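Asker: What follows is the file structure_6.txt, containing compact mmCIF, C-alpha atoms and all ligand atoms:
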```
# COMPACT_ATOMS: atom_id res chain seq x y z
CA MET A 201 50.87 -7.07 17.13
CA PRO A 202 51.23 -7.36 20.92
CA LEU A 203 50.81 -4.06 22.70
CA LYS A 204 52.80 -2.63 25.55
CA SER A 205 51.09 -3.24 28.89
CA GLY A 206 49.09 -0.28 30.13
CA VAL A 207 48.15 1.05 26.70
CA THR A 208 44.64 0.15 25.62
CA ALA A 209 44.48 -0.03 21.83
CA PRO A 210 42.43 2.88 20.44
CA GLU A 211 40.42 0.48 18.27
CA LEU A 212 39.20 -1.30 21.42
CA SER A 213 38.22 1.90 23.22
CA THR A 214 35.71 2.79 20.52
CA LEU A 215 33.83 -0.54 20.71
CA GLY A 216 30.52 -0.94 22.53
CA GLU A 217 29.67 -3.57 25.14
CA ARG A 218 28.28 -6.13 22.69
CA GLU A 219 31.17 -5.88 20.24
CA LEU A 220 33.71 -6.12 23.05
CA ARG A 221 31.91 -9.12 24.48
CA GLU A 222 32.02 -10.92 21.11
CA ARG A 223 35.68 -10.10 20.72
CA VAL A 224 36.44 -11.35 24.25
CA LEU A 225 34.61 -14.60 23.51
CA SER A 226 36.63 -15.20 20.35
CA ARG A 227 39.99 -15.37 22.17
CA PRO A 228 41.45 -17.27 25.15
CA LEU A 229 40.02 -15.86 28.37
CA PRO A 230 41.90 -15.00 31.55
CA ARG A 231 40.99 -17.76 34.02
CA HIS A 232 41.18 -15.45 37.01
CA VAL A 233 40.41 -11.73 37.15
CA ALA A 234 40.98 -9.77 40.37
CA ILE A 235 39.62 -6.27 40.98
CA ILE A 236 40.55 -3.48 43.37
CA MET A 237 37.22 -1.64 43.51
CA ASP A 238 38.35 1.91 44.24
CA GLY A 239 36.74 5.34 44.05
CA ASN A 240 33.40 4.89 45.83
CA GLY A 241 34.13 7.79 48.18
CA ARG A 242 35.25 10.13 45.40
CA TRP A 243 32.26 9.15 43.25
CA ALA A 244 29.95 10.24 46.10
CA THR A 245 31.73 13.41 47.21
CA SER A 246 31.99 14.65 43.62
CA ARG A 247 28.17 14.54 43.61
CA GLY A 248 27.80 16.25 46.98
CA LEU A 249 26.75 12.96 48.59
CA PRO A 250 28.10 11.28 51.75
CA ARG A 251 30.90 8.78 51.05
CA VAL A 252 28.74 5.85 52.10
CA ALA A 253 26.38 6.57 49.20
CA GLY A 254 29.28 5.56 46.94
CA HIS A 255 29.52 2.16 48.61
CA GLY A 256 25.79 1.60 48.11
CA GLU A 257 26.18 2.41 44.42
CA GLY A 258 29.29 0.21 44.30
CA VAL A 259 27.20 -2.81 45.22
CA LYS A 260 25.29 -2.36 41.93
CA SER A 261 28.58 -2.52 40.02
CA VAL A 262 29.51 -5.68 41.93
CA ARG A 263 26.27 -7.27 40.83
CA SER A 264 26.64 -6.37 37.15
CA VAL A 265 30.31 -7.35 36.98
CA VAL A 266 29.68 -10.74 38.63
CA ARG A 267 26.97 -11.36 36.06
CA ALA A 268 29.17 -10.24 33.14
CA ALA A 269 32.16 -12.32 34.27
CA GLY A 270 29.99 -15.43 34.60
CA GLU A 271 28.37 -14.87 31.22
CA VAL A 272 31.64 -14.93 29.27
CA GLY A 273 32.98 -17.90 31.24
CA ILE A 274 35.67 -16.37 33.44
CA GLU A 275 36.38 -19.06 36.05
CA TYR A 276 37.52 -16.96 39.03
CA LEU A 277 36.70 -13.40 40.03
CA THR A 278 38.26 -11.95 43.18
CA LEU A 279 36.91 -8.65 44.53
CA TYR A 280 38.68 -6.56 47.18
CA ALA A 281 35.70 -5.63 49.36
CA PHE A 282 37.27 -4.75 52.71
CA SER A 283 40.95 -4.60 53.60
CA SER A 284 42.49 -5.15 57.01
CA GLU A 285 43.42 -1.42 56.88
CA ASN A 286 39.80 -0.37 56.22
CA TRP A 287 39.01 -0.82 59.95
CA ASN A 288 40.81 2.52 60.41
CA ARG A 289 38.06 4.42 58.55
CA PRO A 290 35.48 6.46 60.50
CA SER A 291 33.28 4.08 62.52
CA HIS A 292 30.14 5.19 60.68
CA GLU A 293 31.69 4.21 57.33
CA VAL A 294 32.89 0.85 58.70
CA SER A 295 29.46 0.00 60.11
CA THR A 296 27.77 1.03 56.84
CA LEU A 297 30.11 -1.23 54.87
CA MET A 298 29.38 -4.10 57.28
CA SER A 299 25.63 -3.71 57.04
CA LEU A 300 25.78 -3.32 53.24
CA LEU A 301 27.67 -6.55 53.08
CA GLU A 302 25.34 -8.29 55.49
CA ARG A 303 22.28 -7.26 53.48
CA SER A 304 23.84 -7.82 50.05
CA ILE A 305 25.01 -11.37 50.59
CA ASP A 306 21.59 -12.48 51.82
CA ARG A 307 19.76 -10.65 49.05
CA GLU A 308 22.06 -11.94 46.31
CA LEU A 309 21.85 -15.61 47.27
CA PRO A 310 18.98 -16.48 44.87
CA GLU A 311 20.85 -14.86 41.96
CA LEU A 312 24.10 -16.62 42.90
CA MET A 313 22.24 -19.93 42.92
CA ALA A 314 20.46 -19.19 39.61
CA ARG A 315 23.84 -18.45 37.99
CA SER A 316 25.58 -21.34 39.76
CA VAL A 317 28.14 -18.99 41.32
CA ARG A 318 30.32 -20.48 44.04
CA PHE A 319 31.03 -17.91 46.73
CA ARG A 320 34.12 -17.94 48.95
CA VAL A 321 35.81 -15.45 51.22
CA ILE A 322 39.52 -14.84 51.66
CA GLY A 323 40.76 -12.94 54.71
CA ARG A 324 41.12 -13.31 58.47
CA PRO A 325 37.87 -14.47 60.08
CA ASN A 326 38.70 -12.97 63.48
CA GLY A 327 37.45 -9.45 64.07
CA VAL A 328 34.47 -9.84 61.73
CA PRO A 329 31.10 -9.15 63.47
CA ALA A 330 29.45 -12.46 64.38
CA GLU A 331 26.28 -11.79 62.39
CA VAL A 332 28.23 -10.89 59.24
CA GLN A 333 30.32 -14.05 59.64
CA ARG A 334 27.22 -16.17 60.15
CA ARG A 335 25.67 -14.90 56.91
CA ILE A 336 28.92 -15.33 55.00
CA ASP A 337 29.18 -18.93 56.22
CA HIS A 338 25.60 -19.57 55.17
CA VAL A 339 26.16 -18.31 51.60
CA VAL A 340 29.51 -20.14 51.32
CA GLU A 341 27.81 -23.40 52.34
CA ALA A 342 24.73 -22.86 50.17
CA THR A 343 26.84 -22.24 47.03
CA ALA A 344 29.58 -24.82 47.70
CA ALA A 345 28.41 -27.29 45.05
CA ASN A 346 27.84 -24.67 42.33
CA THR A 347 29.92 -25.15 39.20
CA GLY A 348 29.90 -21.74 37.48
CA LEU A 349 31.96 -18.67 38.34
CA ASN A 350 34.07 -18.90 41.50
CA LEU A 351 33.51 -15.59 43.25
CA LEU A 352 36.11 -14.80 45.90
CA MET A 353 35.49 -11.86 48.15
CA ALA A 354 38.55 -10.48 49.90
CA PHE A 355 37.12 -9.39 53.21
CA ASN A 356 39.15 -8.36 56.24
CA TYR A 357 41.97 -9.17 53.87
CA GLY A 358 45.60 -8.04 53.79
CA ALA A 359 48.24 -9.76 51.68
CA ARG A 360 50.89 -9.37 54.37
CA ASP A 361 48.54 -10.92 56.96
CA GLU A 362 47.93 -13.76 54.51
CA ILE A 363 51.66 -14.41 54.08
CA VAL A 364 52.22 -14.19 57.87
CA ASP A 365 49.38 -16.68 58.44
CA ALA A 366 50.87 -19.03 55.84
CA CYS A 367 54.29 -18.81 57.52
CA ARG A 368 52.71 -19.62 60.89
CA ARG A 369 51.01 -22.70 59.44
CA LEU A 370 54.24 -23.94 57.90
CA ALA A 371 56.21 -23.14 61.08
CA ARG A 372 53.74 -25.25 63.09
CA ASP A 373 54.20 -28.12 60.63
CA VAL A 374 57.97 -27.85 61.06
CA ALA A 375 57.78 -27.56 64.86
CA GLU A 376 55.55 -30.62 65.05
CA GLY A 377 57.83 -32.65 62.78
CA ARG A 378 55.51 -32.93 59.76
CA LEU A 379 57.75 -30.87 57.49
CA GLY A 380 61.46 -30.15 57.12
CA PRO A 381 62.51 -26.49 56.64
CA GLU A 382 64.11 -27.28 53.28
CA GLN A 383 60.85 -28.81 52.06
CA ILE A 384 59.27 -25.35 52.11
CA ASP A 385 59.08 -24.12 48.53
CA GLU A 386 56.82 -21.91 46.40
CA VAL A 387 54.25 -24.65 45.95
CA ARG A 388 53.94 -25.38 49.68
CA LEU A 389 53.80 -21.72 50.57
CA GLY A 390 51.15 -21.18 47.89
CA ARG A 391 49.09 -24.01 49.38
CA ALA A 392 49.23 -22.41 52.82
CA LEU A 393 47.67 -19.17 51.49
CA TYR A 394 43.95 -18.38 51.69
CA THR A 395 43.82 -18.92 47.91
CA ASP A 396 44.88 -22.58 48.09
CA GLY A 397 43.60 -24.30 44.93
CA VAL A 398 42.87 -21.04 43.09
CA PRO A 399 45.03 -20.21 40.03
CA ASP A 400 47.00 -16.96 40.29
CA PRO A 401 45.18 -13.98 38.77
CA ASP A 402 45.92 -13.45 35.08
CA LEU A 403 44.55 -9.92 35.14
CA LEU A 404 44.31 -7.34 37.92
CA ILE A 405 42.00 -4.38 37.38
CA ARG A 406 42.11 -1.27 39.52
CA THR A 407 39.51 1.45 39.19
CA SER A 408 39.79 5.15 39.97
CA GLY A 409 43.25 5.65 38.57
CA GLU A 410 45.56 4.93 41.52
CA MET A 411 48.76 3.13 40.54
CA ARG A 412 49.19 0.98 43.64
CA LEU A 413 48.55 -2.55 44.86
CA SER A 414 47.23 -1.69 48.34
CA ASN A 415 48.30 -4.94 50.00
CA PHE A 416 46.20 -7.07 47.63
CA LEU A 417 47.25 -10.62 46.63
CA LEU A 418 50.94 -9.69 46.70
CA TRP A 419 52.21 -13.27 46.43
CA GLN A 420 49.73 -14.31 43.76
CA ILE A 421 50.23 -11.39 41.34
CA ALA A 422 53.92 -11.99 40.62
CA TYR A 423 53.17 -12.36 36.88
CA THR A 424 49.69 -10.85 36.68
CA GLU A 425 48.89 -8.30 33.97
CA LEU A 426 47.72 -4.95 35.35
CA TRP A 427 44.99 -2.72 33.93
CA VAL A 428 44.12 0.59 35.58
CA THR A 429 41.17 2.74 34.58
CA PRO A 430 40.27 6.26 35.75
CA THR A 431 36.63 5.12 35.98
CA ARG A 432 35.38 5.09 39.57
CA TRP A 433 33.97 1.82 40.82
CA PRO A 434 30.27 2.88 40.90
CA ASP A 435 30.58 3.83 37.20
CA PHE A 436 32.33 0.57 36.25
CA GLU A 437 30.15 -1.45 33.89
CA PRO A 438 30.35 -4.79 32.06
CA ARG A 439 31.74 -2.90 29.07
CA ASP A 440 34.74 -1.83 31.20
CA LEU A 441 35.34 -5.43 32.26
CA TYR A 442 35.24 -6.58 28.64
CA LEU A 443 37.56 -3.74 27.61
CA ALA A 444 40.09 -4.81 30.24
CA VAL A 445 39.86 -8.44 29.12
CA ALA A 446 40.15 -7.53 25.43
CA ASP A 447 43.25 -5.48 26.25
CA PHE A 448 44.66 -8.39 28.25
CA GLN A 449 44.08 -10.69 25.28
CA GLN A 450 46.44 -8.55 23.20
CA ARG A 451 49.26 -8.68 25.72
CA ASP A 452 52.42 -10.66 25.17
CA ARG A 453 52.91 -12.53 28.48
CA ARG A 454 56.49 -13.64 28.86
CA PHE A 455 56.72 -14.78 32.50
CA GLY A 456 60.34 -13.63 32.63
CA ARG A 457 61.28 -15.21 29.28
CA VAL A 458 62.43 -13.20 26.24
C1 LIG A 501 37.01 1.74 47.79
O1 LIG A 501 36.45 3.00 47.63
C2 LIG A 501 36.04 0.73 48.09
C3 LIG A 501 35.91 0.08 49.29
C4 LIG A 501 36.75 0.35 50.46
C5 LIG A 501 34.91 -0.95 49.53
C6 LIG A 501 34.35 -1.66 48.33
C7 LIG A 501 32.99 -2.04 48.69
C8 LIG A 501 31.94 -2.10 47.86
C9 LIG A 501 32.02 -1.94 46.41
C10 LIG A 501 30.61 -2.30 48.42
C11 LIG A 501 30.40 -3.54 49.20
C12 LIG A 501 30.86 -4.77 48.54
C13 LIG A 501 30.19 -5.93 48.46
C14 LIG A 501 30.90 -7.11 47.87
C15 LIG A 501 28.81 -6.12 48.90
P1 LIG A 501 36.97 4.18 48.54
O2 LIG A 501 35.97 4.40 49.59
O3 LIG A 501 38.35 3.88 49.02
O4 LIG A 501 36.99 5.35 47.53
P2 LIG A 501 37.92 6.65 47.56
O5 LIG A 501 39.31 6.16 47.26
O6 LIG A 501 37.35 7.48 46.48
O7 LIG A 501 37.80 7.26 48.92
```
Could you rewrite the structure in this file as structure tokens?
Answerer:
Amino acid sequence: MPLKSGVTAPELSTLGERELRERVLSRPLPRHVAIIMDGNGRWATSRGLPRVAGHGEGVKSVRSVVRAAGEVGIEYLTLYAFSSENWNRPSHEVSTLMSLLERSIDRELPELMARSVRFRVIGRPNGVPAEVQRRIDHVVEATAANTGLNLLMAFNYGARDEIVDACRRLARDVAEGRLGPEQIDEVRLGRALYTDGVPDPDLLIRTSGEMRLSNFLLWQIAYTELWVTPTRWPDFEPRDLYLAVADFQQRDRRFGRV
């Protein structure tokens, strides 16, 4: 029987990683899973560590979740790594996040290639340190022909910025006579977003228990199923991903119908 959204069936919660994985593989998969990776700071401070230690540990969860998503055949995984609002954090934390990112993308390239992961970034390129951008571009190019998991990293990303940028593109097309105002519809607006060509997320996971969307993929998640776990991102494991997917597979998606 379909369950109400937000209630994970007790029989799923008792299963281990392998059993959940088998169960996930026996049903239709979500094509696109998006994750708000929250709770790094709290994970660290609850252990008496500096907040940045939580981000370092969070990178390990990124690695294991990318691997797990690819292994079961999820097509798209979008991770919220750095929001346009995150620039307002203390400068030490911002620079640690930048250098973690810089080091991680270089270090992970062999594994991305071995798993045929295609890496892309969504977000505004301006404002990103030149060296970080250079390394991102390198990994995007190197993985462009890969045919496995599409890994999208939301970096310097804000959904409102994305919608504003899409409106500017369409407004330019109108001003230059390529498009009539009445030709603007959901499909054209969708194509002007950073996620052009990517199916809308079927499932959005948020860790660390907060019940908010934090300016993430606001256009794309109109009919996305939500799954929130109290687990903090550094403690999030493949089993948690499979639990979220197994829960999703029991949902009754109606897209506004009865
Ligand atoms: C939220 O935790 C997490 C972030 C702002 C950044 C996420 C970044 C990583 C997991 C590491 C780098 C990523 C990649 C892809 C290499 P928070 O600091 O807001 O936690 P809090 O809410 O407990 O303070």
Asker: Could you give me the residues within 9 Å of ligand LIG 501 (chain A), counting all atoms listed in the file, as a ChimeraX atom specification?
Answerer: /A:236-245,251-252,254-263,279-283,286,293,297-298,300-305,353-355,407-408,410,432-434
Asker: I'd like the contact shell of A:Val364 - 12 Å cut-off, all atoms listed in the file, skipping same-chain residues fewer than 2 positions apart - returned as a PyMOL selection string.
Answerer: chain A and resi 323-324+358-362+366-371+389+392-394+419
Asker: Give as a list in words every residue, naming chains and numbers as the document does, that has an atom within 10 Å of (30.2, -10.6, 25.9), counting only C-alpha atoms.
Answerer: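 The distance filter leaves exactly Glu217, Arg218, Glu219, Leu220, Arg221, Glu222, Arg223, Val224, Leu225, Ser226, Ala268, Ala269, Gly270, Glu271, Val272, Gly273, Pro438, Arg439, Leu441 and Tyr442 of chain A.
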Asker: Choose the residue, out of A:Gly327, A:Asp365, A:Phe319, A:Val233, that has the smallest atom-to-atom separation from A:Trp427; count all atoms listed in the file.
Answerer: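 Result for the nearest residue to A:Trp427: A:Val233.
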Asker: What does the distance between atom CA of A:Gly397 and atom CA of A:Arg315 come to in Å, to one decimal place?
Answerer: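 Separation of atom CA of A:Gly397 and atom CA of A:Arg315: 21.7 Å.
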Asker: Between atom CA of A:Asn288 and atom CA of A:Phe416, what distance in Å does the model show, to one decimal?
Answerer: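 It comes out at 16.9 Å.
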Asker: Would you mind reading off the distance between atom CA of A:Arg372 and atom CA of A:Leu418, one decimal, in Å?
Answerer: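 Straight-line distance from atom CA of A:Arg372 to atom CA of A:Leu418 works out to 22.8 Å.
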Asker: Which residues of stretch 292-318 of chain A have any atom within 6 Å of an atom in stretch 336-348 of chain A when counting only C-alpha atoms, and what is the closest pair of atoms for each, with the distance in Å to one decimal? Order the rows by chain and rising number and write it as CSV.
Answerer:
```
residue,atom,partner,partner_atom,distance
A:Ser316,CA,A:Asn346,CA,4.8
A:Val317,CA,A:Gly348,CA,5.0
A:Arg318,CA,A:Thr343,CA,4.9
```
Asker: When you count all atoms listed in the file, which of these residues is closest to A:Ala444: A:Ile421, A:Val265, A:Ala375, A:Leu403?
Answerer: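 Looking only at the distances to A:Ala444, the closest residue turns out to be A:Leu403.
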Asker: Pick the closest to A:Leu351 from A:Val398, A:Val328, A:Leu277, A:Arg267: which is it, counting only C-alpha atoms?
Answerer: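 Smallest distance to A:Leu351 is found for A:Leu277.
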Asker: Calculated over only C-alpha atoms, which of the candidates A:Asp400, A:Asp452, A:Pro290, A:Val428 has the smallest distance to A:Arg412?
Answerer: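 Under the stated criterion, the closest residue is A:Val428.
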Asker: Please reconstruct the missing atoms of stretch 231-242 of chain A (target: all heavy atoms) and return them as a PDB file, in the coordinates of the input.
Answerer:
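Written file, rebuild03.pdb:
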```pdb
ATOM      1  N   ARG A 231      41.754 -16.867  33.118  1.00  0.00           N
ATOM      2  CA  ARG A 231      40.990 -17.760  34.020  1.00  0.00           C
ATOM      3  C   ARG A 231      40.552 -17.014  35.259  1.00  0.00           C
ATOM      4  O   ARG A 231      39.503 -17.256  35.809  1.00  0.00           O
ATOM      5  CB  ARG A 231      41.876 -18.935  34.481  1.00  0.00           C
ATOM      6  CG  ARG A 231      42.134 -19.965  33.433  1.00  0.00           C
ATOM      7  CD  ARG A 231      42.854 -21.151  34.047  1.00  0.00           C
ATOM      8  NE  ARG A 231      41.958 -21.967  34.853  1.00  0.00           N
ATOM      9  CZ  ARG A 231      42.351 -22.896  35.719  1.00  0.00           C
ATOM     10  NH1 ARG A 231      43.641 -23.136  35.887  1.00  0.00           N
ATOM     11  NH2 ARG A 231      41.472 -23.593  36.424  1.00  0.00           N
ATOM     12  N   HIS A 232      41.438 -16.106  35.734  1.00  0.00           N
ATOM     13  CA  HIS A 232      41.180 -15.450  37.010  1.00  0.00           C
ATOM     14  C   HIS A 232      41.376 -13.942  36.857  1.00  0.00           C
ATOM     15  O   HIS A 232      42.449 -13.487  36.464  1.00  0.00           O
ATOM     16  CB  HIS A 232      42.170 -16.028  38.047  1.00  0.00           C
ATOM     17  CG  HIS A 232      41.968 -15.505  39.435  1.00  0.00           C
ATOM     18  ND1 HIS A 232      42.689 -15.968  40.502  1.00  0.00           N
ATOM     19  CD2 HIS A 232      41.134 -14.547  39.949  1.00  0.00           C
ATOM     20  CE1 HIS A 232      42.314 -15.345  41.598  1.00  0.00           C
ATOM     21  NE2 HIS A 232      41.372 -14.468  41.287  1.00  0.00           N
ATOM     22  N   VAL A 233      40.341 -13.197  37.153  1.00  0.00           N
ATOM     23  CA  VAL A 233      40.410 -11.730  37.150  1.00  0.00           C
ATOM     24  C   VAL A 233      40.221 -11.244  38.580  1.00  0.00           C
ATOM     25  O   VAL A 233      39.311 -11.695  39.279  1.00  0.00           O
ATOM     26  CB  VAL A 233      39.305 -11.129  36.236  1.00  0.00           C
ATOM     27  CG1 VAL A 233      39.323  -9.605  36.307  1.00  0.00           C
ATOM     28  CG2 VAL A 233      39.477 -11.598  34.790  1.00  0.00           C
ATOM     29  N   ALA A 234      41.100 -10.358  39.021  1.00  0.00           N
ATOM     30  CA  ALA A 234      40.980  -9.770  40.370  1.00  0.00           C
ATOM     31  C   ALA A 234      40.742  -8.275  40.211  1.00  0.00           C
ATOM     32  O   ALA A 234      41.269  -7.660  39.275  1.00  0.00           O
ATOM     33  CB  ALA A 234      42.256 -10.042  41.161  1.00  0.00           C
ATOM     34  N   ILE A 235      39.939  -7.708  41.115  1.00  0.00           N
ATOM     35  CA  ILE A 235      39.620  -6.270  40.980  1.00  0.00           C
ATOM     36  C   ILE A 235      39.778  -5.533  42.306  1.00  0.00           C
ATOM     37  O   ILE A 235      39.238  -5.954  43.336  1.00  0.00           O
ATOM     38  CB  ILE A 235      38.167  -6.047  40.456  1.00  0.00           C
ATOM     39  CG1 ILE A 235      37.897  -6.863  39.177  1.00  0.00           C
ATOM     40  CG2 ILE A 235      37.934  -4.565  40.200  1.00  0.00           C
ATOM     41  CD1 ILE A 235      36.529  -6.619  38.536  1.00  0.00           C
ATOM     42  N   ILE A 236      40.518  -4.418  42.255  1.00  0.00           N
ATOM     43  CA  ILE A 236      40.550  -3.480  43.370  1.00  0.00           C
ATOM     44  C   ILE A 236      39.491  -2.425  43.056  1.00  0.00           C
ATOM     45  O   ILE A 236      39.659  -1.604  42.148  1.00  0.00           O
ATOM     46  CB  ILE A 236      41.949  -2.829  43.533  1.00  0.00           C
ATOM     47  CG1 ILE A 236      43.024  -3.904  43.752  1.00  0.00           C
ATOM     48  CG2 ILE A 236      41.934  -1.811  44.690  1.00  0.00           C
ATOM     49  CD1 ILE A 236      44.462  -3.364  43.840  1.00  0.00           C
ATOM     50  N   MET A 237      38.393  -2.498  43.796  1.00  0.00           N
ATOM     51  CA  MET A 237      37.220  -1.640  43.510  1.00  0.00           C
ATOM     52  C   MET A 237      37.421  -0.320  44.239  1.00  0.00           C
ATOM     53  O   MET A 237      37.045  -0.193  45.391  1.00  0.00           O
ATOM     54  CB  MET A 237      35.949  -2.328  44.008  1.00  0.00           C
ATOM     55  CG  MET A 237      35.765  -3.755  43.541  1.00  0.00           C
ATOM     56  SD  MET A 237      34.245  -4.518  44.147  1.00  0.00           S
ATOM     57  CE  MET A 237      34.588  -4.761  45.878  1.00  0.00           C
ATOM     58  N   ASP A 238      38.010   0.657  43.562  1.00  0.00           N
ATOM     59  CA  ASP A 238      38.350   1.910  44.240  1.00  0.00           C
ATOM     60  C   ASP A 238      37.518   3.073  43.689  1.00  0.00           C
ATOM     61  O   ASP A 238      37.065   3.019  42.546  1.00  0.00           O
ATOM     62  CB  ASP A 238      39.860   2.174  44.056  1.00  0.00           C
ATOM     63  CG  ASP A 238      40.374   3.229  45.004  1.00  0.00           C
ATOM     64  OD1 ASP A 238      39.713   3.519  46.025  1.00  0.00           O
ATOM     65  OD2 ASP A 238      41.455   3.784  44.722  1.00  0.00           O
ATOM     66  N   GLY A 239      37.354   4.097  44.523  1.00  0.00           N
ATOM     67  CA  GLY A 239      36.740   5.340  44.050  1.00  0.00           C
ATOM     68  C   GLY A 239      35.300   5.552  44.477  1.00  0.00           C
ATOM     69  O   GLY A 239      34.660   6.505  44.033  1.00  0.00           O
ATOM     70  N   ASN A 240      34.792   4.701  45.368  1.00  0.00           N
ATOM     71  CA  ASN A 240      33.400   4.890  45.830  1.00  0.00           C
ATOM     72  C   ASN A 240      33.243   6.239  46.530  1.00  0.00           C
ATOM     73  O   ASN A 240      32.268   6.953  46.308  1.00  0.00           O
ATOM     74  CB  ASN A 240      33.014   3.793  46.827  1.00  0.00           C
ATOM     75  CG  ASN A 240      32.915   2.428  46.193  1.00  0.00           C
ATOM     76  OD1 ASN A 240      32.960   2.310  44.979  1.00  0.00           O
ATOM     77  ND2 ASN A 240      32.802   1.396  47.020  1.00  0.00           N
ATOM     78  N   GLY A 241      34.204   6.546  47.410  1.00  0.00           N
ATOM     79  CA  GLY A 241      34.130   7.790  48.180  1.00  0.00           C
ATOM     80  C   GLY A 241      34.167   9.007  47.266  1.00  0.00           C
ATOM     81  O   GLY A 241      33.336   9.920  47.379  1.00  0.00           O
ATOM     82  N   ARG A 242      35.122   8.987  46.315  1.00  0.00           N
ATOM     83  CA  ARG A 242      35.250  10.130  45.400  1.00  0.00           C
ATOM     84  C   ARG A 242      34.021  10.254  44.492  1.00  0.00           C
ATOM     85  O   ARG A 242      33.582  11.360  44.174  1.00  0.00           O
ATOM     86  CB  ARG A 242      36.520   9.994  44.547  1.00  0.00           C
ATOM     87  CG  ARG A 242      37.743  10.530  45.268  1.00  0.00           C
ATOM     88  CD  ARG A 242      39.005  10.079  44.604  1.00  0.00           C
ATOM     89  NE  ARG A 242      39.296   8.691  44.941  1.00  0.00           N
ATOM     90  CZ  ARG A 242      40.285   7.979  44.397  1.00  0.00           C
ATOM     91  NH1 ARG A 242      41.051   8.535  43.481  1.00  0.00           N
ATOM     92  NH2 ARG A 242      40.505   6.756  44.784  1.00  0.00           N
TER      93      ARG A 242
END
```
